[in-house]
Every structure is written in C-alpha cells, then in structure tokens.
Amino acid sequence: MTITLVILLLIAAIALLLLEILVIPGVGITGILGTLLMIAALVIAYQIDSTVGNLTLVGATVSSAGLLILAFRSKTWERLSQKAEIKAKVEYHTEGLQVGDTGTTITRLNPIGTVRFDEETYEARSKAEFIGENTRVEIINIEGHKITVQPI
C-alpha cells in the first residue's frame with residue numbers, strides 16, 4: 001500500500017463527487033462511489049501510518065468542505081438553471097357558448113378531451129363517463145372556462 005494509491009483514490013473520489021454535484025442531479029451511484037473511494041483512501045492511509053492517515057483526513061475534509069461550498073454557491077446553480085421564460089398564455093373564450101349547445105367530440109373524453117362547437121374547438125370534460133370520439137354531446141354546465149358535457 002503506497003501513498004500514490006491513496007492520492008489516486010482521493011483524486012478519483014473528488015472527481016466523482018464533482019461530477020455528482022455539477023453534472024448528475026440527485027444522490028446517485030457516482031456520489032456514493034466517490035464517498036466510498038474517499039473512505040477507502042482514508043482506511044488505506046491509516047494502514048500505512050497514522051501521520052499519513054491524519055494528513056489524508058485533513059485533505060479529505062478540506063476538499064469535502066470546498067466541494068460543499070462550491071455546491072451551495074449561487075453562481076454554480078445559476079449556470080445550471082433554466083433561463084428561458086415562458087410567455088405564452090392559453091386563452092379560453094367560452095362567452096359564445098351556452099348550456100344546451102351541442103357539438104361533436106374530436107378526441108375521446110377520458111374524462112377530459114377536445115370538443116368542437118360551431119367550428120371552434122374547446123377543452124371539455126364529461127360528467128362521469130368516458131365519451132368516445134365523434135360523439136354528439138350537449139353542454140350541461142359552464143363554470144368559468146370549464147365546460148361539462150354529456151352524450152346526446
């Protein structure tokens with residue numbers, strides 16, 4: 001067992017932990033493997049000599065603290081976060097519809113689907129049952145933008 005092996009294990013452990021923090025989200029195999037390699041490096045270092053073990057422990061602690069600081073720095077997450085803003089809006093116009101109007105389902109209402117009323121398509125829901133495609137339906141309730149239909 002040599003000091004070179006301990007150093008290589010520590011470098012591999014730090015690389016795996018960096019990969020876990022910066023590239024792979026969540027706690028995964030790379031983070032667990034990096035932690036196990038760091039523990040293995042400490043065990044081997046203490047088997048060589050207590051001084052080498054203590055120095056390795058200090059090095060592992062300092063590098064772990066540095067990785068923790070790197071993980072919690074706001075700029076790290078700024079570089080990885082999504083910057084695009086969604087500006088699209090969905091507009092529902094149900095003003096022209098009334099209870100009793102009839103239409104045809106375009107998709108299956110399972111229980112929500114698409115229905116065509118007077119050449120306009122709307123999202124509608126069935127009262128409780130599934131309604132198949134190309135079925136004639138009638139509006140039984142309109143609450144705001146929610147249209148409830150039943151088969152005729």
# chains A, B, ... in the order shown; residues from 1 in each chain; ligands from 1

call {"tool": "select_by_dssp", "arguments": {"residues": "range 5-152 of chain A", "states": "alpha helix (DSSP H)", "output": "PyMOL selection string"}}
result
chain A and resi 5-22+29-48+50-72+74-80

call {"tool": "residues_around", "arguments": {"residues": "Thr105 in chain A", "least_positions_apart": "4", "cutoff": "10 Å", "atoms": "only C-alpha atoms", "output": "ChimeraX atom specification"}}
result
/A:109,113-117,121-124,131-137,149,151

call {"tool": "write_last_selection", "arguments": {"atoms": "C-alpha atoms", "output": "short mmCIF file (atom, residue, chain, number, x, y, z; two decimals), in the first residue's frame"}}
result
data_model
loop_
_atom_site.label_atom_id
_atom_site.label_comp_id
_atom_site.auth_asym_id
_atom_site.auth_seq_id
_atom_site.Cartn_x
_atom_site.Cartn_y
_atom_site.Cartn_z
CA LEU A 109 -63.22 12.47 -23.32
CA GLY A 113 -60.86 15.93 -24.18
CA THR A 114 -61.50 18.21 -27.14
CA VAL A 115 -64.96 19.10 -28.43
CA ARG A 116 -65.98 21.19 -31.46
CA PHE A 117 -68.85 23.66 -31.07
CA THR A 121 -62.58 23.73 -30.54
CA TYR A 122 -62.74 23.71 -26.76
CA GLU A 123 -61.44 21.57 -23.96
CA ALA A 124 -64.35 19.92 -22.19
CA ILE A 131 -67.19 9.56 -24.22
CA GLY A 132 -65.78 8.25 -27.49
CA GLU A 133 -64.50 10.14 -30.49
CA ASN A 134 -67.02 11.67 -32.96
CA THR A 135 -69.88 11.52 -30.45
CA ARG A 136 -72.59 14.18 -30.31
CA VAL A 137 -72.55 15.93 -26.93
CA VAL A 149 -70.78 17.85 -21.44
CA PRO A 151 -73.60 12.49 -24.70
#

call {"tool": "residues_around", "arguments": {"residues": "range 44-55 of chain A", "least_positions_apart": "2", "cutoff": "12 Å", "atoms": "only C-alpha atoms", "output": "PDB file with N, CA, C and O atoms, in the first residue's frame"}}
result
ATOM      1  N   MET A   1       0.843  -1.162   0.000  1.00  0.00           N
ATOM      2  CA  MET A   1       0.000   0.000   0.000  1.00  0.00           C
ATOM      3  C   MET A   1       0.902   1.243   0.000  1.00  0.00           C
ATOM      4  O   MET A   1       1.678   1.442   0.902  1.00  0.00           O
ATOM      5  N   THR A   2       0.719   2.063  -0.987  1.00  0.00           N
ATOM      6  CA  THR A   2       1.574   3.237  -1.101  1.00  0.00           C
ATOM      7  C   THR A   2       0.751   4.511  -1.011  1.00  0.00           C
ATOM      8  O   THR A   2      -0.478   4.506  -1.145  1.00  0.00           O
ATOM      9  N   ILE A   3       1.476   5.573  -0.806  1.00  0.00           N
ATOM     10  CA  ILE A   3       0.844   6.894  -0.735  1.00  0.00           C
ATOM     11  C   ILE A   3       0.266   7.275  -2.096  1.00  0.00           C
ATOM     12  O   ILE A   3      -0.752   7.968  -2.181  1.00  0.00           O
ATOM     13  N   THR A   4       0.895   6.778  -3.170  1.00  0.00           N
ATOM     14  CA  THR A   4       0.401   7.066  -4.516  1.00  0.00           C
ATOM     15  C   THR A   4      -1.015   6.523  -4.701  1.00  0.00           C
ATOM     16  O   THR A   4      -1.881   7.195  -5.289  1.00  0.00           O
ATOM     17  N   LEU A   5      -1.269   5.324  -4.181  1.00  0.00           N
ATOM     18  CA  LEU A   5      -2.600   4.750  -4.258  1.00  0.00           C
ATOM     19  C   LEU A   5      -3.616   5.600  -3.495  1.00  0.00           C
ATOM     20  O   LEU A   5      -4.726   5.840  -3.973  1.00  0.00           O
ATOM     21  N   VAL A   6      -3.219   6.085  -2.335  1.00  0.00           N
ATOM     22  CA  VAL A   6      -4.105   6.936  -1.536  1.00  0.00           C
ATOM     23  C   VAL A   6      -4.425   8.221  -2.290  1.00  0.00           C
ATOM     24  O   VAL A   6      -5.582   8.651  -2.361  1.00  0.00           O
ATOM     25  N   ILE A   7      -3.416   8.822  -2.886  1.00  0.00           N
ATOM     26  CA  ILE A   7      -3.620  10.068  -3.637  1.00  0.00           C
ATOM     27  C   ILE A   7      -4.521   9.818  -4.848  1.00  0.00           C
ATOM     28  O   ILE A   7      -5.435  10.608  -5.126  1.00  0.00           O
ATOM     29  N   LEU A   8      -4.297   8.722  -5.561  1.00  0.00           N
ATOM     30  CA  LEU A   8      -5.139   8.413  -6.721  1.00  0.00           C
ATOM     31  C   LEU A   8      -6.587   8.154  -6.305  1.00  0.00           C
ATOM     32  O   LEU A   8      -7.527   8.594  -6.990  1.00  0.00           O
ATOM     33  N   LEU A   9      -6.775   7.453  -5.189  1.00  0.00           N
ATOM     34  CA  LEU A   9      -8.131   7.221  -4.706  1.00  0.00           C
ATOM     35  C   LEU A   9      -8.819   8.529  -4.324  1.00  0.00           C
ATOM     36  O   LEU A   9     -10.004   8.727  -4.612  1.00  0.00           O
ATOM     37  N   LEU A  10      -8.065   9.430  -3.672  1.00  0.00           N
ATOM     38  CA  LEU A  10      -8.646  10.729  -3.304  1.00  0.00           C
ATOM     39  C   LEU A  10      -9.002  11.556  -4.540  1.00  0.00           C
ATOM     40  O   LEU A  10     -10.049  12.195  -4.586  1.00  0.00           O
ATOM     41  N   LEU A  37     -14.890   5.685  -2.186  1.00  0.00           N
ATOM     42  CA  LEU A  37     -13.464   5.804  -2.532  1.00  0.00           C
ATOM     43  C   LEU A  37     -12.725   6.679  -1.533  1.00  0.00           C
ATOM     44  O   LEU A  37     -11.572   6.404  -1.181  1.00  0.00           O
ATOM     45  N   MET A  38     -13.378   7.735  -1.060  1.00  0.00           N
ATOM     46  CA  MET A  38     -12.742   8.598  -0.073  1.00  0.00           C
ATOM     47  C   MET A  38     -12.535   7.846   1.246  1.00  0.00           C
ATOM     48  O   MET A  38     -11.479   7.956   1.876  1.00  0.00           O
ATOM     49  N   ILE A  39     -13.523   7.073   1.645  1.00  0.00           N
ATOM     50  CA  ILE A  39     -13.386   6.265   2.870  1.00  0.00           C
ATOM     51  C   ILE A  39     -12.293   5.217   2.694  1.00  0.00           C
ATOM     52  O   ILE A  39     -11.472   5.002   3.597  1.00  0.00           O
ATOM     53  N   ALA A  40     -12.239   4.588   1.511  1.00  0.00           N
ATOM     54  CA  ALA A  40     -11.189   3.589   1.253  1.00  0.00           C
ATOM     55  C   ALA A  40      -9.808   4.228   1.297  1.00  0.00           C
ATOM     56  O   ALA A  40      -8.856   3.635   1.843  1.00  0.00           O
ATOM     57  N   ALA A  41      -9.687   5.431   0.753  1.00  0.00           N
ATOM     58  CA  ALA A  41      -8.397   6.132   0.795  1.00  0.00           C
ATOM     59  C   ALA A  41      -7.988   6.411   2.234  1.00  0.00           C
ATOM     60  O   ALA A  41      -6.804   6.267   2.604  1.00  0.00           O
ATOM     61  N   LEU A  42      -8.944   6.797   3.087  1.00  0.00           N
ATOM     62  CA  LEU A  42      -8.637   7.056   4.495  1.00  0.00           C
ATOM     63  C   LEU A  42      -8.229   5.784   5.219  1.00  0.00           C
ATOM     64  O   LEU A  42      -7.279   5.788   6.015  1.00  0.00           O
ATOM     65  N   LEU A  57      -6.838  12.587   6.131  1.00  0.00           N
ATOM     66  CA  LEU A  57      -8.113  13.009   6.719  1.00  0.00           C
ATOM     67  C   LEU A  57      -8.291  14.515   6.604  1.00  0.00           C
ATOM     68  O   LEU A  57      -9.367  14.997   6.239  1.00  0.00           O
ATOM     69  N   VAL A  58      -7.232  15.275   6.885  1.00  0.00           N
ATOM     70  CA  VAL A  58      -7.298  16.733   6.747  1.00  0.00           C
ATOM     71  C   VAL A  58      -7.545  17.113   5.279  1.00  0.00           C
ATOM     72  O   VAL A  58      -8.377  17.969   4.972  1.00  0.00           O
ATOM     73  N   GLY A  59      -6.835  16.460   4.362  1.00  0.00           N
ATOM     74  CA  GLY A  59      -7.020  16.748   2.930  1.00  0.00           C
ATOM     75  C   GLY A  59      -8.422  16.410   2.457  1.00  0.00           C
ATOM     76  O   GLY A  59      -9.033  17.169   1.703  1.00  0.00           O
ATOM     77  N   ALA A  60      -8.934  15.277   2.917  1.00  0.00           N
ATOM     78  CA  ALA A  60     -10.288  14.882   2.524  1.00  0.00           C
ATOM     79  C   ALA A  60     -11.327  15.831   3.111  1.00  0.00           C
ATOM     80  O   ALA A  60     -12.312  16.186   2.446  1.00  0.00           O
ATOM     81  N   THR A  61     -11.113  16.274   4.340  1.00  0.00           N
ATOM     82  CA  THR A  61     -12.047  17.206   4.978  1.00  0.00           C
ATOM     83  C   THR A  61     -12.042  18.555   4.265  1.00  0.00           C
ATOM     84  O   THR A  61     -13.105  19.136   3.995  1.00  0.00           O
ATOM     85  N   VAL A  62     -10.858  19.057   3.958  1.00  0.00           N
ATOM     86  CA  VAL A  62     -10.752  20.349   3.270  1.00  0.00           C
ATOM     87  C   VAL A  62     -11.373  20.260   1.875  1.00  0.00           C
ATOM     88  O   VAL A  62     -12.130  21.154   1.457  1.00  0.00           O
TER      89      VAL A  62
END

call {"tool": "residues_around", "arguments": {"residues": "range 25-32 of chain A", "least_positions_apart": "4", "cutoff": "10 Å", "atoms": "only C-alpha atoms", "output": "MDAnalysis selection string"}}
result
chainID A and resid 13:21 36:38

call {"tool": "write_last_selection", "arguments": {"atoms": "C-alpha atoms", "output": "compact mmCIF listing (two decimals), in the first residue's frame"}}
result
# COMPACT_ATOMS: atom_id res chain seq x y z
CA ALA A 13 -13.23 10.37 -5.18
CA ILE A 14 -13.11 14.14 -5.61
CA ALA A 15 -13.70 13.81 -9.37
CA LEU A 16 -16.73 11.59 -8.80
CA LEU A 17 -18.14 13.95 -6.17
CA LEU A 18 -17.64 16.93 -8.50
CA LEU A 19 -19.39 15.01 -11.25
CA GLU A 20 -22.26 14.29 -8.86
CA ILE A 21 -22.57 17.91 -7.77
CA LEU A 36 -16.73 5.04 -0.72
CA LEU A 37 -13.46 5.80 -2.53
CA MET A 38 -12.74 8.60 -0.07

call {"tool": "atom_distance", "arguments": {"atom1": "CA of Asn110 in chain A", "atom2": "CA of His93 in chain A"}}
result
22.0 Å

call {"tool": "atom_distance", "arguments": {"atom1": "CA of Ile69 in chain A", "atom2": "CA of Thr56 in chain A"}}
result
19.7 Å

call {"tool": "atom_distance", "arguments": {"atom1": "CA of Val43 in chain A", "atom2": "CA of Ser64 in chain A"}}
result
16.6 Å

call {"tool": "select_by_dssp", "arguments": {"residues": "range 12-150 of chain A", "states": "strand (DSSP E)", "output": "PyMOL selection string"}}
result
chain A and resi 102-105+112-117+120-126+136-143+146-150

call {"tool": "residues_around", "arguments": {"residues": "Lys127 in chain A", "least_positions_apart": "3", "cutoff": "8 Å", "atoms": "only C-alpha atoms", "output": "list in words"}}
result
Pro111, Thr148, Val149 and Gln150 of chain A

call {"tool": "residues_around", "arguments": {"residues": "Gly100 in chain A", "least_positions_apart": "6", "cutoff": "8 Å", "atoms": "only C-alpha atoms", "output": "PyMOL selection string"}}
result
chain A and resi 138-140

call {"tool": "write_last_selection", "arguments": {"atoms": "all heavy atoms", "output": "compact mmCIF listing (two decimals), in the first residue's frame"}}
result
# COMPACT_ATOMS: atom_id res chain seq x y z
N GLU A 138 -73.78 17.43 -25.53
CA GLU A 138 -74.52 18.64 -25.17
C GLU A 138 -73.87 19.24 -23.93
O GLU A 138 -73.47 18.53 -23.01
CB GLU A 138 -75.97 18.25 -24.88
CG GLU A 138 -76.82 19.40 -24.37
CD GLU A 138 -78.21 18.94 -24.00
OE1 GLU A 138 -78.40 17.75 -23.71
OE2 GLU A 138 -79.10 19.81 -23.96
N ILE A 139 -73.79 20.57 -23.90
CA ILE A 139 -73.23 21.26 -22.73
C ILE A 139 -74.26 21.22 -21.61
O ILE A 139 -75.41 21.64 -21.81
CB ILE A 139 -72.86 22.72 -23.07
CG1 ILE A 139 -71.79 22.76 -24.15
CG2 ILE A 139 -72.40 23.45 -21.81
CD1 ILE A 139 -71.43 24.16 -24.63
N ILE A 140 -73.83 20.75 -20.44
CA ILE A 140 -74.75 20.72 -19.29
C ILE A 140 -74.33 21.73 -18.22
O ILE A 140 -75.14 22.06 -17.36
CB ILE A 140 -74.86 19.31 -18.68
CG1 ILE A 140 -73.50 18.80 -18.25
CG2 ILE A 140 -75.54 18.36 -19.64
CD1 ILE A 140 -73.56 17.50 -17.45

call {"tool": "closest_residue", "arguments": {"among": "A:Ser81, A:Thr94, A:Thr102, A:Ile112", "to": "Ser126 in chain A", "atoms": "only C-alpha atoms"}}
result
A:Ile112

call {"tool": "closest_residue", "arguments": {"among": "A:Glu143, A:Ile11, A:Leu22, A:Lys89", "to": "Gly34 in chain A", "atoms": "only C-alpha atoms"}}
result
A:Ile11

call {"tool": "closest_residue", "arguments": {"among": "A:Asp101, A:Asp118, A:Val23, A:Glu85", "to": "Ala71 in chain A", "atoms": "only C-alpha atoms"}}
result
A:Val23

call {"tool": "decode", "arguments": {"residues": "range 19-36 of chain A", "atoms": "N, CA and C atoms", "output": "compact mmCIF listing (two decimals), in the first residue's frame"}}
result
# COMPACT_ATOMS: atom_id res chain seq x y z
N LEU A 19 -18.47 15.43 -10.21
CA LEU A 19 -19.39 15.01 -11.25
C LEU A 19 -20.81 14.92 -10.70
N GLU A 20 -20.94 14.41 -9.50
CA GLU A 20 -22.26 14.29 -8.86
C GLU A 20 -22.87 15.67 -8.60
N ILE A 21 -22.06 16.59 -8.13
CA ILE A 21 -22.57 17.91 -7.77
C ILE A 21 -22.91 18.75 -9.01
N LEU A 22 -22.04 18.73 -10.00
CA LEU A 22 -22.20 19.66 -11.12
C LEU A 22 -22.93 19.10 -12.33
N VAL A 23 -22.93 17.78 -12.51
CA VAL A 23 -23.49 17.23 -13.74
C VAL A 23 -24.71 16.37 -13.49
N ILE A 24 -24.61 15.44 -12.56
CA ILE A 24 -25.68 14.46 -12.34
C ILE A 24 -26.52 14.91 -11.15
N PRO A 25 -27.81 15.15 -11.36
CA PRO A 25 -28.65 15.61 -10.25
C PRO A 25 -29.00 14.49 -9.27
N GLY A 26 -29.23 14.86 -8.03
CA GLY A 26 -29.66 13.89 -7.02
C GLY A 26 -28.51 13.08 -6.45
N VAL A 27 -28.84 12.18 -5.55
CA VAL A 27 -27.84 11.30 -4.97
C VAL A 27 -27.84 10.03 -5.80
N GLY A 28 -26.73 9.82 -6.52
CA GLY A 28 -26.67 8.67 -7.40
C GLY A 28 -25.45 7.82 -7.13
N ILE A 29 -25.19 6.94 -8.05
CA ILE A 29 -24.08 6.00 -7.92
C ILE A 29 -22.75 6.72 -7.87
N THR A 30 -22.60 7.80 -8.64
CA THR A 30 -21.31 8.50 -8.64
C THR A 30 -21.01 9.13 -7.29
N GLY A 31 -22.00 9.69 -6.64
CA GLY A 31 -21.79 10.27 -5.32
C GLY A 31 -21.48 9.22 -4.27
N ILE A 32 -22.20 8.11 -4.32
CA ILE A 32 -21.95 7.02 -3.37
C ILE A 32 -20.57 6.42 -3.62
N LEU A 33 -20.22 6.21 -4.89
CA LEU A 33 -18.91 5.65 -5.22
C LEU A 33 -17.78 6.60 -4.81
N GLY A 34 -17.99 7.90 -5.02
CA GLY A 34 -16.99 8.88 -4.60
C GLY A 34 -16.78 8.87 -3.09
N THR A 35 -17.87 8.77 -2.34
CA THR A 35 -17.77 8.70 -0.88
C THR A 35 -17.06 7.43 -0.44
N LEU A 36 -17.39 6.30 -1.06
CA LEU A 36 -16.73 5.04 -0.72
C LEU A 36 -15.25 5.06 -1.05
